[in-house]
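Visitor: I am sharing target-v7.tsv, which consists of TSV, C-alpha atoms and all ligand atoms:
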chain	number	residue	atom	x	y	z
A	1	MET	CA	31.73	-22.44	-9.96
A	2	MET	CA	32.98	-21.93	-6.43
A	3	SER	CA	36.37	-23.53	-5.72
A	4	ARG	CA	36.12	-26.62	-3.53
A	5	TYR	CA	38.89	-24.96	-1.55
A	6	ALA	CA	36.82	-21.87	-0.79
A	7	LYS	CA	36.56	-20.73	2.80
A	8	ASN	CA	33.34	-22.15	4.20
A	9	ALA	CA	33.34	-21.34	7.93
A	10	THR	CA	33.94	-18.47	10.37
A	11	ILE	CA	35.78	-18.22	13.67
A	12	VAL	CA	33.05	-17.05	16.05
A	13	TYR	CA	35.05	-17.32	19.30
A	14	ARG	CA	38.71	-17.42	20.21
A	15	GLU	CA	40.05	-17.63	23.74
A	16	ASP	CA	43.79	-17.64	24.26
A	17	ILE	CA	44.74	-19.75	27.29
A	18	ASN	CA	48.27	-18.43	26.76
A	19	LYS	CA	50.42	-17.37	23.80
A	20	GLU	CA	50.51	-20.92	22.38
A	21	LEU	CA	47.18	-22.49	23.36
A	22	SER	CA	43.75	-21.47	22.15
A	23	ILE	CA	40.13	-22.52	22.26
A	24	ILE	CA	38.58	-21.76	18.88
A	25	ARG	CA	34.92	-22.10	17.87
A	26	ILE	CA	34.11	-22.40	14.20
A	27	LYS	CA	30.69	-21.96	12.64
A	28	PRO	CA	30.07	-23.56	9.24
A	29	ASP	CA	28.29	-21.46	6.61
A	30	GLU	CA	25.44	-24.00	6.50
A	31	GLY	CA	24.50	-22.95	10.03
A	32	GLU	CA	24.39	-26.31	11.79
A	33	VAL	CA	27.49	-28.44	12.36
A	34	ALA	CA	27.75	-31.88	10.72
A	35	GLU	CA	26.63	-34.84	12.81
A	36	PHE	CA	29.44	-36.44	14.77
A	37	LYS	CA	30.25	-38.71	17.70
A	38	PRO	CA	32.26	-37.51	20.71
A	39	GLY	CA	35.91	-38.39	20.06
A	40	GLN	CA	35.83	-37.71	16.32
A	41	TYR	CA	37.83	-35.05	14.50
A	42	ALA	CA	37.44	-32.57	11.65
A	43	GLU	CA	39.97	-31.03	9.26
A	44	LEU	CA	40.94	-27.36	9.11
A	45	ALA	CA	42.85	-25.37	6.52
A	46	VAL	CA	43.60	-21.76	5.66
A	47	PRO	CA	43.28	-21.57	1.86
A	48	THR	CA	45.50	-19.18	-0.08
A	49	PRO	CA	43.89	-16.65	-2.47
A	50	GLU	CA	45.09	-18.82	-5.40
A	51	GLN	CA	43.36	-21.85	-3.92
A	52	GLU	CA	40.17	-19.91	-3.34
A	53	ASN	CA	40.11	-18.37	-6.80
A	54	PRO	CA	42.19	-20.55	-9.11
A	55	GLN	CA	43.09	-19.13	-12.51
A	56	GLU	CA	41.15	-20.75	-15.29
A	57	GLY	CA	42.90	-23.90	-16.48
A	58	VAL	CA	45.33	-23.92	-13.52
A	59	LYS	CA	44.94	-26.76	-11.05
A	60	PRO	CA	45.17	-25.25	-7.55
A	61	GLU	CA	47.74	-26.57	-5.12
A	62	LYS	CA	46.33	-29.06	-2.62
A	63	LEU	CA	45.08	-27.62	0.66
A	64	LEU	CA	47.39	-27.82	3.67
A	65	ARG	CA	44.92	-29.48	5.99
A	66	ARG	CA	45.32	-30.84	9.49
A	67	SER	CA	43.08	-32.88	11.78
A	68	TYR	CA	41.61	-31.53	15.03
A	69	SER	CA	39.59	-33.44	17.62
A	70	ILE	CA	36.27	-31.79	18.33
A	71	ALA	CA	36.17	-30.52	21.91
A	72	SER	CA	32.48	-29.58	21.92
A	73	ASN	CA	29.74	-32.16	22.20
A	74	PRO	CA	27.26	-33.05	19.46
A	75	SER	CA	24.36	-31.44	21.31
A	76	VAL	CA	26.00	-28.08	20.55
A	77	LYS	CA	24.82	-27.43	17.02
A	78	ASP	CA	25.87	-23.90	16.13
A	79	ALA	CA	29.67	-24.26	16.11
A	80	LEU	CA	32.48	-26.78	16.64
A	81	GLU	CA	34.98	-26.10	19.40
A	82	PHE	CA	38.67	-26.97	19.00
A	83	TYR	CA	41.57	-26.86	21.45
A	84	VAL	CA	44.74	-26.08	19.52
A	85	VAL	CA	48.42	-25.63	20.35
A	86	LEU	CA	50.78	-23.52	18.25
A	87	VAL	CA	53.68	-25.52	16.84
A	88	PRO	CA	55.92	-22.53	16.10
A	89	GLU	CA	57.83	-24.33	13.33
A	90	GLY	CA	54.68	-26.07	12.05
A	91	ALA	CA	53.14	-25.67	8.60
A	92	LEU	CA	49.51	-24.84	9.49
A	93	THR	CA	49.25	-23.64	13.09
A	94	PRO	CA	51.23	-20.37	12.61
A	95	LYS	CA	48.70	-19.49	9.87
A	96	LEU	CA	45.81	-20.42	12.16
A	97	TRP	CA	47.33	-18.23	14.88
A	98	ASP	CA	47.01	-15.13	12.68
A	99	LEU	CA	43.22	-15.53	12.57
A	100	LYS	CA	40.85	-13.74	14.91
A	101	GLU	CA	37.11	-13.77	15.59
A	102	GLY	CA	35.24	-12.99	12.35
A	103	ASP	CA	37.99	-14.42	10.12
A	104	ARG	CA	37.15	-17.20	7.71
A	105	LEU	CA	38.79	-20.55	6.96
A	106	TRP	CA	38.11	-24.01	5.52
A	107	LEU	CA	36.40	-26.66	7.63
A	108	GLY	CA	36.41	-30.15	6.16
A	109	PRO	CA	32.82	-31.22	5.41
A	110	LYS	CA	33.40	-34.77	6.72
A	111	VAL	CA	33.88	-35.58	10.39
A	112	LYS	CA	36.05	-38.68	10.86
A	113	GLY	CA	37.53	-41.06	13.38
A	114	LYS	CA	37.01	-44.26	15.34
A	115	PHE	CA	38.18	-42.98	18.73
A	116	THR	CA	34.67	-43.06	20.20
A	117	LEU	CA	32.74	-44.78	22.97
A	118	ASP	CA	30.64	-46.71	20.45
A	119	GLY	CA	29.75	-50.27	21.34
A	120	LEU	CA	31.36	-50.33	24.79
A	121	PRO	CA	29.64	-51.87	27.82
A	122	GLU	CA	28.12	-49.36	30.23
A	123	ASP	CA	29.35	-50.74	33.56
A	124	LYS	CA	33.08	-50.02	33.16
A	125	ASP	CA	35.44	-47.42	34.56
A	126	PHE	CA	36.83	-45.20	31.81
A	127	ILE	CA	40.35	-43.86	32.25
A	128	MET	CA	41.07	-41.04	29.85
A	129	VAL	CA	44.72	-40.01	29.50
A	130	ALA	CA	45.67	-36.86	27.60
A	131	THR	CA	48.84	-34.94	26.97
A	132	GLY	CA	48.47	-31.30	25.91
A	133	THR	CA	45.61	-30.74	23.48
A	134	GLY	CA	44.84	-34.48	23.57
A	135	LEU	CA	42.29	-33.34	26.15
A	136	ALA	CA	39.82	-32.31	23.42
A	137	PRO	CA	37.99	-35.60	22.69
A	138	PHE	CA	37.59	-36.32	26.40
A	139	LEU	CA	35.81	-33.00	26.91
A	140	SER	CA	33.35	-33.86	24.16
A	141	MET	CA	32.73	-37.35	25.55
A	142	TYR	CA	32.24	-36.17	29.11
A	143	LYS	CA	29.95	-33.27	28.25
A	144	GLU	CA	27.77	-35.40	26.00
A	145	PHE	CA	27.36	-38.39	28.30
A	146	ARG	CA	27.80	-37.02	31.84
A	147	LYS	CA	24.11	-37.36	32.63
A	148	SER	CA	23.85	-40.89	31.15
A	149	ASN	CA	24.95	-44.32	32.40
A	150	LYS	CA	27.74	-44.64	29.86
A	151	TRP	CA	30.37	-45.39	32.52
A	152	ASN	CA	30.89	-46.21	36.15
A	153	LYS	CA	33.78	-43.77	36.85
A	154	TYR	CA	35.30	-41.29	34.40
A	155	VAL	CA	38.91	-40.56	35.33
A	156	LEU	CA	40.52	-37.75	33.33
A	157	ILE	CA	44.31	-37.49	33.59
A	158	HIS	CA	45.79	-34.42	31.87
A	159	GLY	CA	49.58	-34.13	31.49
A	160	VAL	CA	51.09	-30.78	30.52
A	161	ARG	CA	54.41	-28.99	30.78
A	162	ILE	CA	53.41	-26.14	33.11
A	163	ALA	CA	50.23	-25.26	35.02
A	164	ASP	CA	49.57	-22.39	32.61
A	165	ASP	CA	48.97	-25.06	29.92
A	166	LEU	CA	46.05	-26.60	31.86
A	167	GLY	CA	43.26	-25.43	29.58
A	168	TYR	CA	39.68	-25.98	30.85
A	169	LYS	CA	41.01	-26.49	34.41
A	170	LYS	CA	38.35	-24.41	36.17
A	171	GLU	CA	35.51	-26.09	34.29
A	172	LEU	CA	36.94	-29.55	34.98
A	173	GLU	CA	37.41	-28.79	38.69
A	174	GLN	CA	33.78	-27.69	38.77
A	175	PHE	CA	32.66	-30.96	37.15
A	176	ALA	CA	34.68	-32.90	39.73
A	177	GLU	CA	32.97	-30.99	42.54
A	178	GLU	CA	29.51	-31.69	41.15
A	179	ASP	CA	29.95	-35.28	39.96
A	180	PRO	CA	31.18	-38.03	42.33
A	181	ASN	CA	31.87	-40.26	39.30
A	182	PHE	CA	34.26	-37.78	37.68
A	183	VAL	CA	37.91	-37.71	38.78
A	184	TYR	CA	40.24	-35.02	37.38
A	185	VAL	CA	44.01	-35.43	37.72
A	186	PRO	CA	46.05	-32.58	36.20
A	187	MET	CA	49.83	-33.22	36.16
A	188	CYS	CA	52.77	-30.94	35.32
A	189	THR	CA	56.22	-31.98	34.13
A	190	ARG	CA	58.11	-28.69	33.95
A	191	GLU	CA	56.86	-26.52	36.79
A	192	PRO	CA	59.94	-24.99	38.44
A	193	GLU	CA	60.76	-26.41	41.85
A	194	GLY	CA	59.08	-24.43	44.60
A	195	SER	CA	56.49	-22.89	42.23
A	196	ALA	CA	52.86	-22.32	43.24
A	197	TRP	CA	51.80	-25.64	41.62
A	198	GLN	CA	50.65	-27.91	44.45
A	199	GLY	CA	49.35	-30.79	42.30
A	200	PRO	CA	51.16	-33.90	41.09
A	201	ARG	CA	54.36	-33.57	39.06
A	202	GLY	CA	55.84	-35.96	36.51
A	203	ARG	CA	54.70	-37.61	33.30
A	204	VAL	CA	51.30	-39.28	33.24
A	205	ASN	CA	52.82	-42.72	32.61
A	206	ILE	CA	54.15	-42.90	36.19
A	207	LEU	CA	50.57	-43.45	37.37
A	208	PHE	CA	50.42	-46.71	35.41
A	209	GLU	CA	53.59	-48.28	36.78
A	210	THR	CA	51.68	-50.16	39.48
A	211	ALA	CA	47.95	-50.72	39.98
A	212	GLU	CA	48.43	-49.61	43.62
A	213	ALA	CA	49.93	-46.26	42.59
A	214	PHE	CA	47.02	-45.69	40.22
A	215	GLU	CA	44.37	-46.52	42.79
A	216	ASN	CA	46.07	-44.41	45.47
A	217	LYS	CA	46.08	-41.39	43.18
A	218	THR	CA	42.60	-41.71	41.66
A	219	GLY	CA	40.54	-43.86	44.02
A	220	VAL	CA	39.69	-46.11	41.05
A	221	PRO	CA	41.15	-49.62	40.56
A	222	LEU	CA	43.30	-50.30	37.50
A	223	SER	CA	41.98	-53.69	36.46
A	224	SER	CA	41.71	-55.13	32.98
A	225	ASP	CA	38.32	-56.66	33.92
A	226	SER	CA	36.61	-53.44	34.87
A	227	THR	CA	38.43	-50.72	32.91
A	228	HIS	CA	38.78	-49.21	29.46
A	229	VAL	CA	41.73	-46.86	28.94
A	230	PHE	CA	41.71	-44.15	26.27
A	231	LEU	CA	45.01	-42.47	25.35
A	232	CYS	CA	45.25	-39.29	23.28
A	233	GLY	CA	47.98	-36.88	22.20
A	234	ASN	CA	51.74	-37.39	22.19
A	235	PRO	CA	52.50	-40.79	20.57
A	236	ALA	CA	55.48	-41.40	22.88
A	237	MET	CA	53.11	-41.20	25.87
A	238	ILE	CA	50.72	-43.62	24.17
A	239	ASP	CA	53.51	-46.17	23.60
A	240	THR	CA	54.75	-45.97	27.19
A	241	VAL	CA	51.33	-46.27	28.81
A	242	GLN	CA	50.26	-49.01	26.41
A	243	GLU	CA	53.33	-51.04	27.39
A	244	SER	CA	52.55	-50.68	31.12
A	245	LEU	CA	48.93	-51.67	30.53
A	246	GLU	CA	49.76	-54.69	28.39
A	247	ALA	CA	52.01	-55.94	31.19
A	248	LYS	CA	48.87	-55.85	33.37
A	249	GLY	CA	46.70	-57.87	30.98
A	250	PHE	CA	45.10	-55.03	29.00
A	251	THR	CA	44.87	-55.48	25.23
A	252	GLN	CA	44.54	-53.08	22.31
A	253	HIS	CA	40.96	-52.65	21.11
A	254	SER	CA	39.82	-53.16	17.54
A	255	LYS	CA	36.43	-53.96	16.08
A	256	LYS	CA	37.64	-57.46	15.19
A	257	ASN	CA	39.42	-58.09	18.50
A	258	PRO	CA	37.67	-56.14	21.25
A	259	GLY	CA	40.08	-55.05	23.96
A	260	ASN	CA	40.38	-52.28	26.50
A	261	ILE	CA	43.15	-49.95	25.24
A	262	HIS	CA	41.99	-47.28	22.77
A	263	PHE	CA	44.17	-44.50	21.36
A	264	GLU	CA	44.40	-41.49	19.07
A	265	ARG	CA	47.93	-40.44	18.05
A	266	TYR	CA	48.27	-36.77	17.16
A	267	TRP	CA	51.46	-37.31	15.15
A	301	LIG	C1	43.25	-37.42	14.68
A	301	LIG	C2	44.05	-36.19	15.07
A	301	LIG	C3	43.48	-35.25	15.91
A	301	LIG	C4	44.22	-34.12	16.28
A	301	LIG	N1	43.66	-33.22	17.14
A	301	LIG	C5	44.38	-32.14	17.53
A	301	LIG	C6	43.80	-31.19	18.46
A	301	LIG	O1	42.67	-31.34	18.91
A	301	LIG	N2	44.55	-30.11	18.79
A	301	LIG	C7	45.83	-29.93	18.31
A	301	LIG	O2	46.46	-28.91	18.67
A	301	LIG	N3	46.39	-30.81	17.45
A	301	LIG	C8	45.69	-31.89	17.04
A	301	LIG	N4	46.24	-32.76	16.14
A	301	LIG	C9	47.52	-32.41	15.51
A	301	LIG	C10	47.26	-31.53	14.27
A	301	LIG	O3	46.63	-32.29	13.25
A	301	LIG	C11	48.54	-30.95	13.67
A	301	LIG	O4	49.48	-31.97	13.51
A	301	LIG	C12	49.14	-29.85	14.53
A	301	LIG	O5	48.22	-28.77	14.69
A	301	LIG	C13	50.44	-29.31	13.94
A	301	LIG	O6	50.20	-28.86	12.65
A	301	LIG	P1	51.27	-27.95	11.90
A	301	LIG	O7	50.99	-28.03	10.44
A	301	LIG	O8	51.36	-26.59	12.51
A	301	LIG	O9	52.65	-28.68	12.25
A	301	LIG	P2	53.44	-29.75	11.38
A	301	LIG	O10	54.28	-29.04	10.39
A	301	LIG	O11	52.49	-30.75	10.86
A	301	LIG	O12	54.36	-30.36	12.56
A	301	LIG	C14	54.02	-31.57	13.19
A	301	LIG	C15	54.82	-31.69	14.49
A	301	LIG	O13	54.24	-30.83	15.45
A	301	LIG	C16	54.19	-31.44	16.73
A	301	LIG	N5	52.76	-31.53	17.10
A	301	LIG	C17	51.70	-31.72	16.27
A	301	LIG	N6	50.53	-31.69	16.96
A	301	LIG	C18	50.86	-31.46	18.24
A	301	LIG	C19	50.08	-31.31	19.41
A	301	LIG	N7	48.74	-31.37	19.40
A	301	LIG	N8	50.73	-31.10	20.59
A	301	LIG	C20	52.08	-31.02	20.60
A	301	LIG	N9	52.87	-31.14	19.53
A	301	LIG	C21	52.27	-31.35	18.36
A	301	LIG	C22	54.84	-32.81	16.55
A	301	LIG	O14	56.20	-32.68	16.92
A	301	LIG	C23	54.71	-33.08	15.08
A	301	LIG	O15	55.71	-33.93	14.59
A	301	LIG	C24	45.54	-33.92	15.77
A	301	LIG	C25	46.10	-34.88	14.92
A	301	LIG	C26	45.37	-36.00	14.58
A	301	LIG	C27	46.01	-37.02	13.67
A	302	LIG	N1	58.36	-22.33	23.47
A	302	LIG	C1	57.86	-22.86	24.56
A	302	LIG	O1	58.24	-22.56	25.67
A	302	LIG	C2	56.77	-23.86	24.40
A	302	LIG	C3	56.01	-24.21	25.50
A	302	LIG	C4	54.98	-25.13	25.32
A	302	LIG	C5	54.75	-25.64	24.05
A	302	LIG	N2	55.51	-25.28	23.01
A	302	LIG	C6	55.25	-25.82	21.66
A	302	LIG	O2	54.03	-26.49	21.66
A	302	LIG	C7	54.14	-27.78	21.08
A	302	LIG	C8	53.42	-28.77	21.93
A	302	LIG	O3	53.74	-28.75	23.25
A	302	LIG	P1	52.82	-29.40	24.34
A	302	LIG	O4	53.48	-29.11	25.63
A	302	LIG	O5	51.41	-29.06	24.18
A	302	LIG	O6	52.87	-30.98	23.98
A	302	LIG	P2	53.91	-32.12	24.36
A	302	LIG	O7	55.27	-31.73	23.93
A	302	LIG	O8	53.33	-33.37	23.83
A	302	LIG	O9	53.91	-32.17	25.98
A	302	LIG	C9	52.72	-32.38	26.75
A	302	LIG	C10	53.05	-33.24	27.94
A	302	LIG	O10	53.36	-34.57	27.48
A	302	LIG	C11	54.51	-35.01	28.16
A	302	LIG	N3	55.20	-36.09	27.47
A	302	LIG	C12	56.06	-36.00	26.45
A	302	LIG	N4	56.52	-37.24	26.13
A	302	LIG	C13	55.93	-38.10	26.98
A	302	LIG	C14	56.03	-39.53	27.17
A	302	LIG	N5	56.83	-40.28	26.42
A	302	LIG	N6	55.28	-40.08	28.14
A	302	LIG	C15	54.49	-39.32	28.93
A	302	LIG	N7	54.36	-37.99	28.82
A	302	LIG	C16	55.09	-37.38	27.84
A	302	LIG	C17	55.34	-33.79	28.32
A	302	LIG	O11	56.32	-34.02	29.32
A	302	LIG	P3	57.82	-33.41	29.24
A	302	LIG	O12	57.70	-31.99	29.70
A	302	LIG	O13	58.58	-34.28	30.19
A	302	LIG	O14	58.27	-33.53	27.83
A	302	LIG	C18	54.28	-32.77	28.73
A	302	LIG	O15	54.00	-32.86	30.09
A	302	LIG	C19	55.60	-28.07	20.91
A	302	LIG	O16	55.81	-28.43	19.55
A	302	LIG	C20	56.31	-26.78	21.27
A	302	LIG	O17	56.99	-26.26	20.14
A	302	LIG	C21	56.51	-24.41	23.18
What is this file in structure tokens?

Guide:
Amino acid sequence: MMSRYAKNATIVYREDINKELSIIRIKPDEGEVAEFKPGQYAELAVPTPEQENPQEGVKPEKLLRRSYSIASNPSVKDALEFYVVLVPEGALTPKLWDLKEGDRLWLGPKVKGKFTLDGLPEDKDFIMVATGTGLAPFLSMYKEFRKSNKWNKYVLIHGVRIADDLGYKKELEQFAEEDPNFVYVPMCTREPEGSAWQGPRGRVNILFETAEAFENKTGVPLSSDSTHVFLCGNPAMIDTVQESLEAKGFTQHSKKNPGNIHFERYW
């Protein structure tokens, strides 16, 4: 019998944004990807030979698996796209970094997560705030629903260290040119003074200090009546922005107590 830890998917595309950031597309052996909702995540692992082919009677070590938000949208059926950063001292990502197109790995069969646009009213402004690879779910959501009436305005704020870490920038700038309801705000925290970066500097939370500052920067009001805010990535960013929003009357969303702050912590 085949080990449940056998490799079951292939890397069909890998684009390195820089040495530590990659876009990776993974095709499951079954051909079509599992059904999912934009905002959900899947698990990845790189099984060892012992895990793939355990000796008879020896229980294989558990897989070292990690969660990754799906960056592609559900209409794309042949592969799942992921946006991944290398954590040099991390347990899984250095192993993932050794893989190239054609290499095989383990893709969790179940897609999971509640960080979706399910059940939300359609006349609201959506403010999506990402640090680093926290951009992934917002790409999936936008691509899937951009031609629908799912939102009024879709504001995408992406905070990174340096401009070189702004994955998908060209594509997002193109969307902003084509779609008057899409606002893209890339921000850098560690661009050297006097560098070529002409865009906003500082952490994303500074935009939420006052409703005026937010509206000046994005052209969209920051009002708890008309807005849902989605936060994804670095948990320290999520805490800071959540605090600013709660001071303005926003509340955390749950199925039991519907509110307008939604988040996905990456660690
Ligand atoms: C629901 C969910 C979705 C996720 N989606 C993504 C995704 O789309 N892309 C992605 O790159 N990661 C994502 N992550 C993080 C991912 O699961 C791993 O934690 C990450 O790849 C590091 O794994 P590792 O084993 O190499 O490091 P570990 O040994 O697990 O080290 C973890 C440490 O690495 C740092 N870290 C982990 N993830 C990140 C990150 N994304 N950016 C910056 N620092 C980080 C933190 O300091 C954390 O404490 C997600 C996590 C969750 C819970
Ligand atoms: N060796 C390198 O030079 C290098 C470079 C990039 C990444 N990495 C590795 O990659 C991993 C991830 O790095 P990453 O840059 O993708 O993710 P990250 O560390 O989460 O940083 C992404 C962005 O989030 C900002 N941020 C951090 N805390 C915040 C808070 N409390 N509120 C608001 N914004 C906040 C950061 O600002 P600040 O800049 O102010 O922290 C940065 O602009 C790290 O583990 C690191 O090892 C290494």

Visitor: CA of Gln252 (chain A) and atom C15 of ligand LIG 301 (chain A), how far apart in Å?

Guide: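 These atoms are spaced 25.0 Å apart.
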
Visitor: So which residues touch Phe208 (chain A) within 12 Å, counting all atoms listed in the file, skipping near sequence neighbours fewer than 2 positions away, as a PyMOL selection string?

Guide: chain A and resi 127+129+157+203-206+210-218+221-223+229+237-238+240-248+250

Visitor: Residues of the last selection are to be written out with C-alpha atoms, as an mmCIF file, keeping the file's coordinate frame.

Guide:
data_model
loop_
_atom_site.group_PDB
_atom_site.id
_atom_site.type_symbol
_atom_site.label_atom_id
_atom_site.label_comp_id
_atom_site.auth_asym_id
_atom_site.auth_seq_id
_atom_site.Cartn_x
_atom_site.Cartn_y
_atom_site.Cartn_z
ATOM 1 C CA ILE A 127 40.350 -43.860 32.250
ATOM 2 C CA VAL A 129 44.720 -40.010 29.500
ATOM 3 C CA ILE A 157 44.310 -37.490 33.590
ATOM 4 C CA ARG A 203 54.700 -37.610 33.300
ATOM 5 C CA VAL A 204 51.300 -39.280 33.240
ATOM 6 C CA ASN A 205 52.820 -42.720 32.610
ATOM 7 C CA ILE A 206 54.150 -42.900 36.190
ATOM 8 C CA THR A 210 51.680 -50.160 39.480
ATOM 9 C CA ALA A 211 47.950 -50.720 39.980
ATOM 10 C CA GLU A 212 48.430 -49.610 43.620
ATOM 11 C CA ALA A 213 49.930 -46.260 42.590
ATOM 12 C CA PHE A 214 47.020 -45.690 40.220
ATOM 13 C CA GLU A 215 44.370 -46.520 42.790
ATOM 14 C CA ASN A 216 46.070 -44.410 45.470
ATOM 15 C CA LYS A 217 46.080 -41.390 43.180
ATOM 16 C CA THR A 218 42.600 -41.710 41.660
ATOM 17 C CA PRO A 221 41.150 -49.620 40.560
ATOM 18 C CA LEU A 222 43.300 -50.300 37.500
ATOM 19 C CA SER A 223 41.980 -53.690 36.460
ATOM 20 C CA VAL A 229 41.730 -46.860 28.940
ATOM 21 C CA MET A 237 53.110 -41.200 25.870
ATOM 22 C CA ILE A 238 50.720 -43.620 24.170
ATOM 23 C CA THR A 240 54.750 -45.970 27.190
ATOM 24 C CA VAL A 241 51.330 -46.270 28.810
ATOM 25 C CA GLN A 242 50.260 -49.010 26.410
ATOM 26 C CA GLU A 243 53.330 -51.040 27.390
ATOM 27 C CA SER A 244 52.550 -50.680 31.120
ATOM 28 C CA LEU A 245 48.930 -51.670 30.530
ATOM 29 C CA GLU A 246 49.760 -54.690 28.390
ATOM 30 C CA ALA A 247 52.010 -55.940 31.190
ATOM 31 C CA LYS A 248 48.870 -55.850 33.370
ATOM 32 C CA PHE A 250 45.100 -55.030 29.000
#

Visitor: If I take CA of Asp165 (chain A) and CA of Ala236 (chain A), how far is one from the other in Å, to one decimal?

Guide: 18.9 Å

Visitor: Could you produce a table of the residues of chain A lying within 8 Å of ligand LIG 302 (chain A), with the nearest pair of atoms per residue and their separation in Å rounded to one decimal, using all atoms listed in the file, ordered by chain and increasing residue number, as JSON lines?

Guide:
{"residue": "A:Glu20", "atom": "CA", "partner": "A:LIG302", "partner_atom": "C5", "distance": 6.6}
{"residue": "A:Leu21", "atom": "CA", "partner": "A:LIG302", "partner_atom": "O5", "distance": 7.9}
{"residue": "A:Val85", "atom": "CA", "partner": "A:LIG302", "partner_atom": "O2", "distance": 5.8}
{"residue": "A:Leu86", "atom": "CA", "partner": "A:LIG302", "partner_atom": "O2", "distance": 5.6}
{"residue": "A:Val87", "atom": "CA", "partner": "A:LIG302", "partner_atom": "O16", "distance": 4.5}
{"residue": "A:Pro88", "atom": "CA", "partner": "A:LIG302", "partner_atom": "O17", "distance": 5.6}
{"residue": "A:Glu89", "atom": "CA", "partner": "A:LIG302", "partner_atom": "O17", "distance": 7.1}
{"residue": "A:Gly90", "atom": "CA", "partner": "A:LIG302", "partner_atom": "O16", "distance": 7.9}
{"residue": "A:Thr131", "atom": "CA", "partner": "A:LIG302", "partner_atom": "O10", "distance": 4.6}
{"residue": "A:Gly132", "atom": "CA", "partner": "A:LIG302", "partner_atom": "O5", "distance": 4.1}
{"residue": "A:Thr133", "atom": "CA", "partner": "A:LIG302", "partner_atom": "O5", "distance": 6.1}
{"residue": "A:Gly159", "atom": "CA", "partner": "A:LIG302", "partner_atom": "O15", "distance": 4.8}
{"residue": "A:Val160", "atom": "CA", "partner": "A:LIG302", "partner_atom": "O15", "distance": 3.6}
{"residue": "A:Arg161", "atom": "CA", "partner": "A:LIG302", "partner_atom": "O15", "distance": 4.0}
{"residue": "A:Ile162", "atom": "CA", "partner": "A:LIG302", "partner_atom": "O15", "distance": 7.4}
{"residue": "A:Asp165", "atom": "CA", "partner": "A:LIG302", "partner_atom": "O5", "distance": 7.4}
{"residue": "A:Met187", "atom": "CA", "partner": "A:LIG302", "partner_atom": "O15", "distance": 7.4}
{"residue": "A:Cys188", "atom": "CA", "partner": "A:LIG302", "partner_atom": "O15", "distance": 5.7}
{"residue": "A:Thr189", "atom": "CA", "partner": "A:LIG302", "partner_atom": "O12", "distance": 4.7}
{"residue": "A:Arg190", "atom": "CA", "partner": "A:LIG302", "partner_atom": "O12", "distance": 5.4}
{"residue": "A:Gly202", "atom": "CA", "partner": "A:LIG302", "partner_atom": "O13", "distance": 7.1}
{"residue": "A:Arg203", "atom": "CA", "partner": "A:LIG302", "partner_atom": "N7", "distance": 4.5}
{"residue": "A:Val204", "atom": "CA", "partner": "A:LIG302", "partner_atom": "C15", "distance": 5.4}
{"residue": "A:Asn205", "atom": "CA", "partner": "A:LIG302", "partner_atom": "C15", "distance": 5.3}
{"residue": "A:Gly233", "atom": "CA", "partner": "A:LIG302", "partner_atom": "O8", "distance": 6.6}
{"residue": "A:Asn234", "atom": "CA", "partner": "A:LIG302", "partner_atom": "O8", "distance": 4.6}
{"residue": "A:Pro235", "atom": "CA", "partner": "A:LIG302", "partner_atom": "N5", "distance": 7.3}
{"residue": "A:Ala236", "atom": "CA", "partner": "A:LIG302", "partner_atom": "N5", "distance": 4.0}
{"residue": "A:Met237", "atom": "CA", "partner": "A:LIG302", "partner_atom": "N6", "distance": 3.3}
{"residue": "A:Ile238", "atom": "CA", "partner": "A:LIG302", "partner_atom": "N6", "distance": 7.0}
{"residue": "A:Asp239", "atom": "CA", "partner": "A:LIG302", "partner_atom": "N5", "distance": 7.3}
{"residue": "A:Thr240", "atom": "CA", "partner": "A:LIG302", "partner_atom": "N6", "distance": 6.0}
{"residue": "A:Val241", "atom": "CA", "partner": "A:LIG302", "partner_atom": "N6", "distance": 7.4}

Visitor: Measuring between only C-alpha atoms, which one of A:Tyr5, A:Phe263, A:Tyr154, A:Tyr41 shows the shortest distance to Thr227 (chain A)?

Guide: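 Looking only at the distances to Thr227 (chain A), the closest residue turns out to be A:Tyr154.
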
Visitor: I need the residue nearest ligand LIG 301 (chain A) from this list: A:Met141, A:Cys232, A:Ala79, A:Leu172. Use all atoms listed in the file for the distance.

Guide: A:Cys232

Visitor: Would you mind reading off the distance between atom C13 of ligand LIG 301 (chain A) and CA of Thr93 (chain A), one decimal, in Å?

Guide: 5.9 Å

Visitor: List as JSON, numbers by chain the protein and nucleic acid residues near Leu92 (chain A), meaning an atom at most 12 Å away when only C-alpha atoms are counted, but skip any in the same chain fewer than 3 places from it.

Guide: {"A": [43, 44, 45, 46, 47, 48, 63, 64, 65, 66, 67, 68, 84, 85, 86, 87, 88, 89, 95, 96, 97, 98, 99, 105]}

Visitor: Report, as JSON, the centre and edge lengths in Å (one decimal) of the axis-aligned box enclosing every listed atom of ligand LIG 301 (chain A), padded by 3 Å on each side.

Guide:
{"center_x": 49.4, "center_y": -32.0, "center_z": 15.5, "size_x": 19.5, "size_y": 16.8, "size_z": 16.2}

Visitor: Have a look at A:Pro60, A:Gly167, A:Pro109, A:Pro49 and name the one nearest to ligand LIG 301 (chain A); count all atoms listed in the file.

Guide: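 Looking only at the distances to ligand LIG 301 (chain A), the closest residue turns out to be A:Gly167.
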
Visitor: When you look at Asn149 (chain A) with a cut-off of 12 Å (counting only C-alpha atoms), what residues show up, excluding the ones that are within fewer than 2 positions of it in the same chain? I need them as JSON, numbers by chain.

Guide: {"A": [120, 121, 122, 123, 124, 125, 126, 142, 144, 145, 146, 147, 151, 152, 153, 154, 181]}

Visitor: Which residues are close to Ala42 (chain A), i.e. within 8 Å by all atoms listed in the file, leaving aside same-chain residues fewer than 3 positions away? Reply as a ChimeraX atom specification.

Guide: /A:67-70,107-112
